[in-house]
file query.txt (compact mmCIF, C-alpha atoms)
# COMPACT_ATOMS: atom_id res chain seq x y z
CA MET A 1 -25.47 7.76 -7.86
CA ASN A 2 -26.00 8.54 -4.18
CA ILE A 3 -26.61 12.20 -3.32
CA LEU A 4 -26.93 13.73 0.13
CA ILE A 5 -28.59 17.06 0.93
CA VAL A 6 -27.73 18.61 4.30
CA GLU A 7 -30.16 21.49 4.71
CA ASP A 8 -32.24 22.61 7.69
CA GLU A 9 -34.58 24.90 5.72
CA ALA A 10 -37.52 22.78 4.54
CA ARG A 11 -38.39 24.91 1.51
CA ALA A 12 -34.79 24.97 0.24
CA ALA A 13 -34.49 21.20 0.75
CA ARG A 14 -37.68 20.54 -1.22
CA ARG A 15 -36.43 22.69 -4.09
CA LEU A 16 -33.15 20.78 -4.26
CA GLN A 17 -35.00 17.47 -4.13
CA LYS A 18 -37.04 18.64 -7.13
CA LEU A 19 -34.25 20.19 -9.22
CA ILE A 20 -31.49 17.61 -8.73
CA PRO A 21 -33.40 14.72 -10.42
CA GLN A 22 -34.32 17.07 -13.27
CA ALA A 23 -30.64 17.94 -13.83
CA LEU A 24 -29.72 14.23 -13.70
CA LYS A 25 -32.61 13.01 -15.85
CA GLY A 26 -32.06 9.48 -17.10
CA ARG A 27 -29.56 8.57 -14.39
CA ASP A 28 -30.14 6.13 -11.58
CA ILE A 29 -29.93 8.32 -8.47
CA GLN A 30 -30.90 8.19 -4.82
CA VAL A 31 -31.35 11.50 -2.99
CA THR A 32 -31.26 11.59 0.83
CA HIS A 33 -32.10 14.66 2.90
CA ILE A 34 -30.71 15.23 6.42
CA GLU A 35 -31.38 18.35 8.53
CA THR A 36 -28.41 18.28 10.91
CA LEU A 37 -24.70 17.81 10.38
CA GLY A 38 -24.37 15.34 13.25
CA ALA A 39 -26.91 13.00 11.69
CA ALA A 40 -25.32 13.52 8.28
CA ILE A 41 -21.83 12.57 9.49
CA THR A 42 -23.20 9.43 11.15
CA LEU A 43 -24.84 8.49 7.86
CA MET A 44 -21.75 9.36 5.78
CA ASP A 45 -19.65 7.01 7.89
CA ARG A 46 -22.06 4.16 7.10
CA ARG A 47 -22.95 4.82 3.46
CA ARG A 48 -20.95 5.83 0.43
CA PHE A 49 -22.08 9.05 -1.27
CA ASP A 50 -20.97 10.58 -4.55
CA LEU A 51 -22.07 14.17 -4.08
CA LEU A 52 -23.07 16.38 -1.16
CA PHE A 53 -25.15 19.57 -1.22
CA LEU A 54 -24.41 21.53 1.96
CA ASP A 55 -25.90 24.68 3.46
CA LEU A 56 -23.28 26.74 5.31
CA ASN A 57 -25.65 27.83 8.07
CA LEU A 58 -27.09 24.80 9.85
CA ASN A 59 -29.00 25.61 13.02
CA GLY A 60 -26.80 28.66 13.59
CA LYS A 61 -23.52 26.71 13.60
CA ASN A 62 -20.34 28.05 11.97
CA GLY A 63 -20.47 26.77 8.40
CA PHE A 64 -16.73 26.77 7.91
CA ASP A 65 -16.13 24.61 10.98
CA LEU A 66 -18.46 22.14 9.30
CA LEU A 67 -16.90 22.58 5.90
CA ARG A 68 -13.39 21.70 7.04
CA GLU A 69 -14.69 18.32 8.14
CA ILE A 70 -17.02 17.63 5.24
CA VAL A 71 -14.47 18.18 2.45
CA SER A 72 -12.15 15.56 3.96
CA TYR A 73 -14.59 12.84 2.87
CA PRO A 74 -14.15 11.03 -0.47
CA PHE A 75 -17.14 12.64 -2.21
CA HIS A 76 -17.41 16.13 -3.68
CA THR A 77 -19.22 19.00 -1.97
CA ILE A 78 -21.36 21.72 -3.54
CA ILE A 79 -22.27 24.57 -1.21
CA VAL A 80 -25.82 25.95 -1.43
CA SER A 81 -26.03 29.17 0.57
CA ALA A 82 -27.54 32.64 0.72
CA TYR A 83 -24.17 34.01 1.84
CA ALA A 84 -22.65 34.57 -1.60
CA GLU A 85 -19.88 36.70 -0.10
CA LYS A 86 -18.55 33.50 1.49
CA ALA A 87 -17.98 31.80 -1.86
CA LEU A 88 -14.26 32.62 -2.20
CA GLU A 89 -13.53 31.39 1.30
CA ALA A 90 -15.49 28.19 0.66
CA PHE A 91 -13.44 27.48 -2.46
CA GLU A 92 -10.25 27.84 -0.44
CA TYR A 93 -11.29 24.74 1.51
CA GLY A 94 -11.85 22.55 -1.52
CA VAL A 95 -15.52 22.64 -2.48
CA LEU A 96 -16.43 21.84 -6.06
CA ASP A 97 -18.90 24.69 -6.56
CA PHE A 98 -20.97 27.34 -4.77
CA VAL A 99 -24.62 27.77 -5.73
CA PRO A 100 -26.30 30.89 -4.29
CA LYS A 101 -29.80 30.92 -2.85
CA PRO A 102 -32.46 31.21 -4.07
CA VAL A 103 -31.38 28.28 -6.22
CA LEU A 104 -31.90 28.67 -9.97
CA ALA A 105 -32.33 25.49 -12.01
CA GLU A 106 -29.78 26.59 -14.63
CA ARG A 107 -27.11 27.40 -12.03
CA LEU A 108 -27.64 24.12 -10.20
CA GLU A 109 -27.40 22.16 -13.44
CA LYS A 110 -24.10 23.89 -14.23
CA ALA A 111 -22.68 22.79 -10.88
CA ILE A 112 -23.84 19.22 -11.43
CA GLN A 113 -22.35 19.15 -14.93
CA ARG A 114 -19.02 20.25 -13.48
CA PHE A 115 -19.15 17.16 -11.29
CA LEU A 116 -20.23 14.81 -14.09
CA ASN A 117 -17.63 16.10 -16.56
CA GLN A 118 -14.87 16.16 -13.92
CA ASP A 119 -14.15 19.78 -14.78
CA ARG A 120 -11.37 21.37 -12.79
CA ASN A 121 -12.14 24.12 -10.35
CA ASP A 122 -11.02 27.57 -11.54
CA ASN A 123 -10.71 28.88 -8.00
CA GLU A 124 -7.66 28.92 -5.74
CA VAL A 125 -7.88 26.03 -3.27
CA LYS A 126 -5.52 26.86 -0.41
CA TYR A 127 -6.12 23.84 1.80
CA LEU A 128 -6.97 20.17 1.65
CA SER A 129 -8.80 18.88 4.71
CA LEU A 130 -7.60 15.59 6.14
CA ARG A 131 -9.27 13.41 8.77
CA LYS A 132 -6.88 11.94 11.32
CA GLY A 133 -7.78 10.29 14.60
CA GLY A 134 -11.11 12.07 14.83
CA ASN A 135 -9.51 15.46 14.15
CA ILE A 136 -9.28 17.63 11.03
CA GLU A 137 -5.89 18.72 9.70
CA LEU A 138 -5.56 21.43 7.04
CA LEU A 139 -2.81 20.83 4.48
CA PRO A 140 -1.70 23.99 2.61
CA THR A 141 -1.72 23.09 -1.10
CA ALA A 142 1.41 25.21 -1.64
CA LYS A 143 3.37 22.76 0.51
CA ILE A 144 2.30 19.65 -1.43
CA LYS A 145 5.03 18.29 -3.73
CA TYR A 146 3.11 15.48 -5.37
CA ILE A 147 0.26 13.04 -4.89
CA HIS A 148 0.34 9.30 -5.54
CA ALA A 149 -2.66 7.05 -6.19
CA ALA A 150 -3.28 4.43 -3.53
CA GLY A 151 -6.38 2.55 -4.67
CA HIS A 152 -9.46 4.62 -3.80
CA TYR A 153 -7.24 6.86 -1.65
CA SER A 154 -4.33 9.22 -2.33
CA GLU A 155 -0.93 9.59 -0.70
CA ILE A 156 0.00 13.26 -0.33
CA PHE A 157 3.74 14.01 -0.11
CA LEU A 158 4.67 17.30 1.54
CA GLU A 159 7.80 19.42 1.34
CA ASN A 160 8.76 18.34 4.88
CA HIS A 161 8.96 14.71 3.61
CA HIS A 162 5.80 13.71 5.50
CA CYS A 163 3.19 11.59 3.74
CA LYS A 164 -0.55 11.93 4.43
CA LEU A 165 -3.37 9.63 3.29
CA HIS A 166 -6.45 11.35 1.87
CA ASP A 167 -9.87 9.76 1.41
CA LYS A 168 -10.40 11.31 -2.04
CA SER A 169 -9.10 9.53 -5.14
CA LEU A 170 -6.51 11.07 -7.44
CA GLU A 171 -9.21 11.96 -9.98
CA ARG A 172 -11.37 13.77 -7.43
CA LEU A 173 -8.45 15.67 -5.92
CA LEU A 174 -7.37 16.90 -9.35
CA MET A 175 -10.79 18.50 -9.83
CA LEU A 176 -10.13 20.67 -6.77
CA LEU A 177 -6.43 21.45 -6.91
CA PRO A 178 -5.14 24.78 -8.28
CA ALA A 179 -3.58 25.17 -11.72
CA GLN A 180 0.01 24.42 -10.67
CA PHE A 181 -0.95 20.78 -10.10
CA GLU A 182 -0.68 18.60 -13.19
CA ARG A 183 -1.51 14.95 -13.89
CA ILE A 184 1.72 13.46 -15.24
CA HIS A 185 0.94 9.75 -14.96
CA LYS A 186 -2.02 7.51 -14.18
CA SER A 187 -0.66 7.28 -10.64
CA TYR A 188 0.82 10.75 -10.08
CA ILE A 189 -0.11 14.41 -9.80
CA VAL A 190 2.78 16.85 -9.38
CA ASN A 191 3.00 20.42 -8.15
CA ILE A 192 4.95 22.02 -10.99
CA ASP A 193 6.39 24.59 -8.60
CA TYR A 194 8.58 21.77 -7.26
CA VAL A 195 9.72 20.45 -10.65
CA LYS A 196 13.35 21.11 -11.59
CA GLU A 197 13.94 19.16 -14.80
CA PHE A 198 12.25 16.99 -17.41
CA HIS A 199 14.09 13.81 -18.48
CA ALA A 200 13.71 11.62 -21.56
CA ALA A 201 15.49 8.25 -21.62
CA SER A 202 15.80 5.45 -24.17
CA GLY A 203 12.78 3.24 -24.65
CA SER A 204 10.37 6.16 -24.47
CA ARG A 205 10.79 6.52 -20.73
CA TYR A 206 10.11 9.94 -19.28
CA SER A 207 10.30 11.49 -15.83
CA VAL A 208 10.42 14.75 -13.94
CA GLU A 209 13.03 15.57 -11.32
CA LEU A 210 11.92 17.56 -8.29
CA SER A 211 13.96 20.26 -6.60
CA ASN A 212 14.98 17.80 -3.84
CA GLY A 213 16.24 15.20 -6.33
CA GLU A 214 13.20 12.88 -6.29
CA THR A 215 12.04 11.61 -9.68
CA LEU A 216 8.51 10.78 -10.77
CA PRO A 217 7.44 8.90 -13.91
CA VAL A 218 5.69 10.67 -16.77
CA GLY A 219 3.24 8.69 -18.89
CA ARG A 220 3.95 8.31 -22.60
CA SER A 221 0.60 9.85 -23.51
CA ARG A 222 1.32 12.89 -21.34
CA TYR A 223 4.96 13.74 -21.87
CA LYS A 224 4.52 16.21 -24.76
CA THR A 225 1.87 18.20 -22.94
CA ILE A 226 3.82 18.11 -19.68
CA LYS A 227 7.10 19.16 -21.28
CA GLU A 228 5.44 22.11 -23.03
CA LYS A 229 3.59 23.23 -19.93
CA LEU A 230 6.65 23.02 -17.73
CA ALA A 231 8.82 24.69 -20.40
CA LEU A 232 11.60 22.36 -19.35
CA GLY A 233 14.05 20.57 -21.48

call {"tool": "encode", "arguments": {"input": "query.txt", "output": "structure tokens"}}
result
Amino acid sequence: MNILIVEDEARAARRLQKLIPQALKGRDIQVTHIETLGAAITLMDRRRFDLLFLDLNLNGKNGFDLLREIVSYPFHTIIVSAYAEKALEAFEYGVLDFVPKPVLAERLEKAIQRFLNQDRNDNEVKYLSLRKGGNIELLPTAKIKYIHAAGHYSEIFLENHHCKLHDKSLERLLMLLPAQFERIHKSYIVNIDYVKEFHAASGSRYSVELSNGETLPVGRSRYKTIKEKLALG
């Protein structure tokens, strides 16, 4: 497992470098520490990471300008910051967790376990960040109809019929998305706010119909749970 720490405060970085291996005891991990975001982004474009620990205040720069770019990458991000009042805003941009400074071992381990167990985020993510042509585009989650798996990437279908490609996999996006998003198939996540009807056909074939008439398949192992949750018949 490759882990990146982006932190310009030496003491805080050393503490993370000590506590992270303790929380991941027995796992094969490599922890890299970078002090500046520019150097971190250069490295992230060359190497694949699984998890990022990010301070919101790097050399006086606006943390949320940085955050919008960071969360568009395929890995998950855990914020480590003294600005606890910024936690709700950070979650809106799709971070996995927010660990306040000074960092407590128990709280850090809880954040790491959320990542390992693929636990869903209980907070309201309002945007997904998307990298496009060197720029960052914010996609409001309320306008996403469904998401389709495309290998290690995900195709995001919006209510305006546009399709966007995201660097995160379906599994990693589901960990961030708000409660109205449901996994209905190995290849699909749907926003239940756009679902109109549930259909069952012969041969144990199931699907959901969206408000615009599109239909998406529902996996056999998921149809009972989906039908009950949607309260559709």

call {"tool": "axis_aligned_box", "arguments": {"input": "query.txt", "around": "region 81-86 of chain A", "padding_each_side": "8 Å", "output": "lines of an AutoDock Vina configuration file"}}
result
center_x = -23.0
center_y = 32.9
center_z = 0.1
size_x = 25.0
size_y = 23.5
size_z = 19.4

call {"tool": "residues_near_point", "arguments": {"input": "query.txt", "point": "(-12.4, 28.3, -3.4)", "cutoff": "6 Å", "atoms": "all atoms listed in the file", "output": "list of chain:residue names"}}
result
A:Leu88, A:Glu89, A:Ala90, A:Phe91, A:Glu92, A:Asn123, A:Glu124, A:Val125

call {"tool": "write_last_selection", "arguments": {"input": "query.txt", "atoms": "C-alpha atoms", "output": "PDB file, in the frame of the given file"}}
result
ATOM      1  CA  LEU A  88     -14.260  32.620  -2.200  1.00  0.00           C
ATOM      2  CA  GLU A  89     -13.530  31.390   1.300  1.00  0.00           C
ATOM      3  CA  ALA A  90     -15.490  28.190   0.660  1.00  0.00           C
ATOM      4  CA  PHE A  91     -13.440  27.480  -2.460  1.00  0.00           C
ATOM      5  CA  GLU A  92     -10.250  27.840  -0.440  1.00  0.00           C
ATOM      6  CA  ASN A 123     -10.710  28.880  -8.000  1.00  0.00           C
ATOM      7  CA  GLU A 124      -7.660  28.920  -5.740  1.00  0.00           C
ATOM      8  CA  VAL A 125      -7.880  26.030  -3.270  1.00  0.00           C
TER       9      VAL A 125
END

call {"tool": "atom_distance", "arguments": {"input": "query.txt", "atom1": "CA of Met175 (chain A)", "atom2": "CA of Gly94 (chain A)"}}
result
9.3 Å

call {"tool": "atom_distance", "arguments": {"input": "query.txt", "atom1": "CA of Gln22 (chain A)", "atom2": "CA of Phe115 (chain A)"}}
result
15.3 Å

call {"tool": "atom_distance", "arguments": {"input": "query.txt", "atom1": "CA of Gln17 (chain A)", "atom2": "CA of Asp50 (chain A)"}}
result
15.6 Å

call {"tool": "residues_around", "arguments": {"input": "query.txt", "residues": "Leu173 (chain A)", "least_positions_apart": "4", "cutoff": "9 Å", "atoms": "all atoms listed in the file", "output": "list in words"}}
result
Gly94, Leu128, Ser154, Lys168, Ser169 and Leu177 of chain A

call {"tool": "closest_residue", "arguments": {"input": "query.txt", "among": "A:Tyr194, A:Tyr223, A:Tyr188, A:Tyr73", "to": "Leu158 (chain A)", "atoms": "all atoms listed in the file"}}
result
A:Tyr194

call {"tool": "closest_residue", "arguments": {"input": "query.txt", "among": "A:Asn212, A:Ser187, A:Asn121, A:Gln180", "to": "His161 (chain A)", "atoms": "only C-alpha atoms"}}
result
A:Asn212

call {"tool": "closest_residue", "arguments": {"input": "query.txt", "among": "A:Lys25, A:Lys101, A:Lys145, A:Arg14", "to": "Ala82 (chain A)", "atoms": "all atoms listed in the file"}}
result
A:Lys101

call {"tool": "closest_residue", "arguments": {"input": "query.txt", "among": "A:Asn62, A:Ser72, A:Thr77, A:Thr42", "to": "Ile3 (chain A)", "atoms": "all atoms listed in the file"}}
result
A:Thr77

call {"tool": "closest_residue", "arguments": {"input": "query.txt", "among": "A:Gln30, A:Ser129, A:Ser221, A:Asn57", "to": "Tyr93 (chain A)", "atoms": "all atoms listed in the file"}}
result
A:Ser129

call {"tool": "residues_around", "arguments": {"input": "query.txt", "residues": "Pro217 (chain A)", "least_positions_apart": "4", "cutoff": "7 Å", "atoms": "all atoms listed in the file", "output": "list of chain:residue names"}}
result
A:His185, A:Tyr206, A:Ser207, A:Val208

call {"tool": "residues_near_point", "arguments": {"input": "query.txt", "point": "(-26.8, 7.5, 1.0)", "cutoff": "7 Å", "atoms": "all atoms listed in the file", "output": "JSON, numbers by chain"}}
result
{"A": [2, 3, 4, 32, 47, 48, 49]}

call {"tool": "write_last_selection", "arguments": {"input": "query.txt", "atoms": "C-alpha atoms", "output": "mmCIF file, keeping the file's coordinate frame"}}
result
data_model
loop_
_atom_site.group_PDB
_atom_site.id
_atom_site.type_symbol
_atom_site.label_atom_id
_atom_site.label_comp_id
_atom_site.auth_asym_id
_atom_site.auth_seq_id
_atom_site.Cartn_x
_atom_site.Cartn_y
_atom_site.Cartn_z
ATOM 1 C CA ASN A 2 -26.000 8.540 -4.180
ATOM 2 C CA ILE A 3 -26.610 12.200 -3.320
ATOM 3 C CA LEU A 4 -26.930 13.730 0.130
ATOM 4 C CA THR A 32 -31.260 11.590 0.830
ATOM 5 C CA ARG A 47 -22.950 4.820 3.460
ATOM 6 C CA ARG A 48 -20.950 5.830 0.430
ATOM 7 C CA PHE A 49 -22.080 9.050 -1.270
#

call {"tool": "closest_residue", "arguments": {"input": "query.txt", "among": "A:Asp119, A:Glu69, A:Glu109, A:Asp28", "to": "Leu176 (chain A)", "atoms": "only C-alpha atoms"}}
result
A:Asp119

call {"tool": "residues_around", "arguments": {"input": "query.txt", "residues": "Leu130 (chain A)", "least_positions_apart": "6", "cutoff": "8 Å", "atoms": "all atoms listed in the file", "output": "list in words"}}
result
Glu69, Ser72, Ile136, Glu137, Leu138, Leu139, Leu165, His166 and Asp167 of chain A

call {"tool": "residues_around", "arguments": {"input": "query.txt", "residues": "Tyr146 (chain A)", "least_positions_apart": "3", "cutoff": "10 Å", "atoms": "all atoms listed in the file", "output": "PyMOL selection string"}}
result
chain A and resi 141+143+155-159+163+181-183+188-192+194-195+210+216
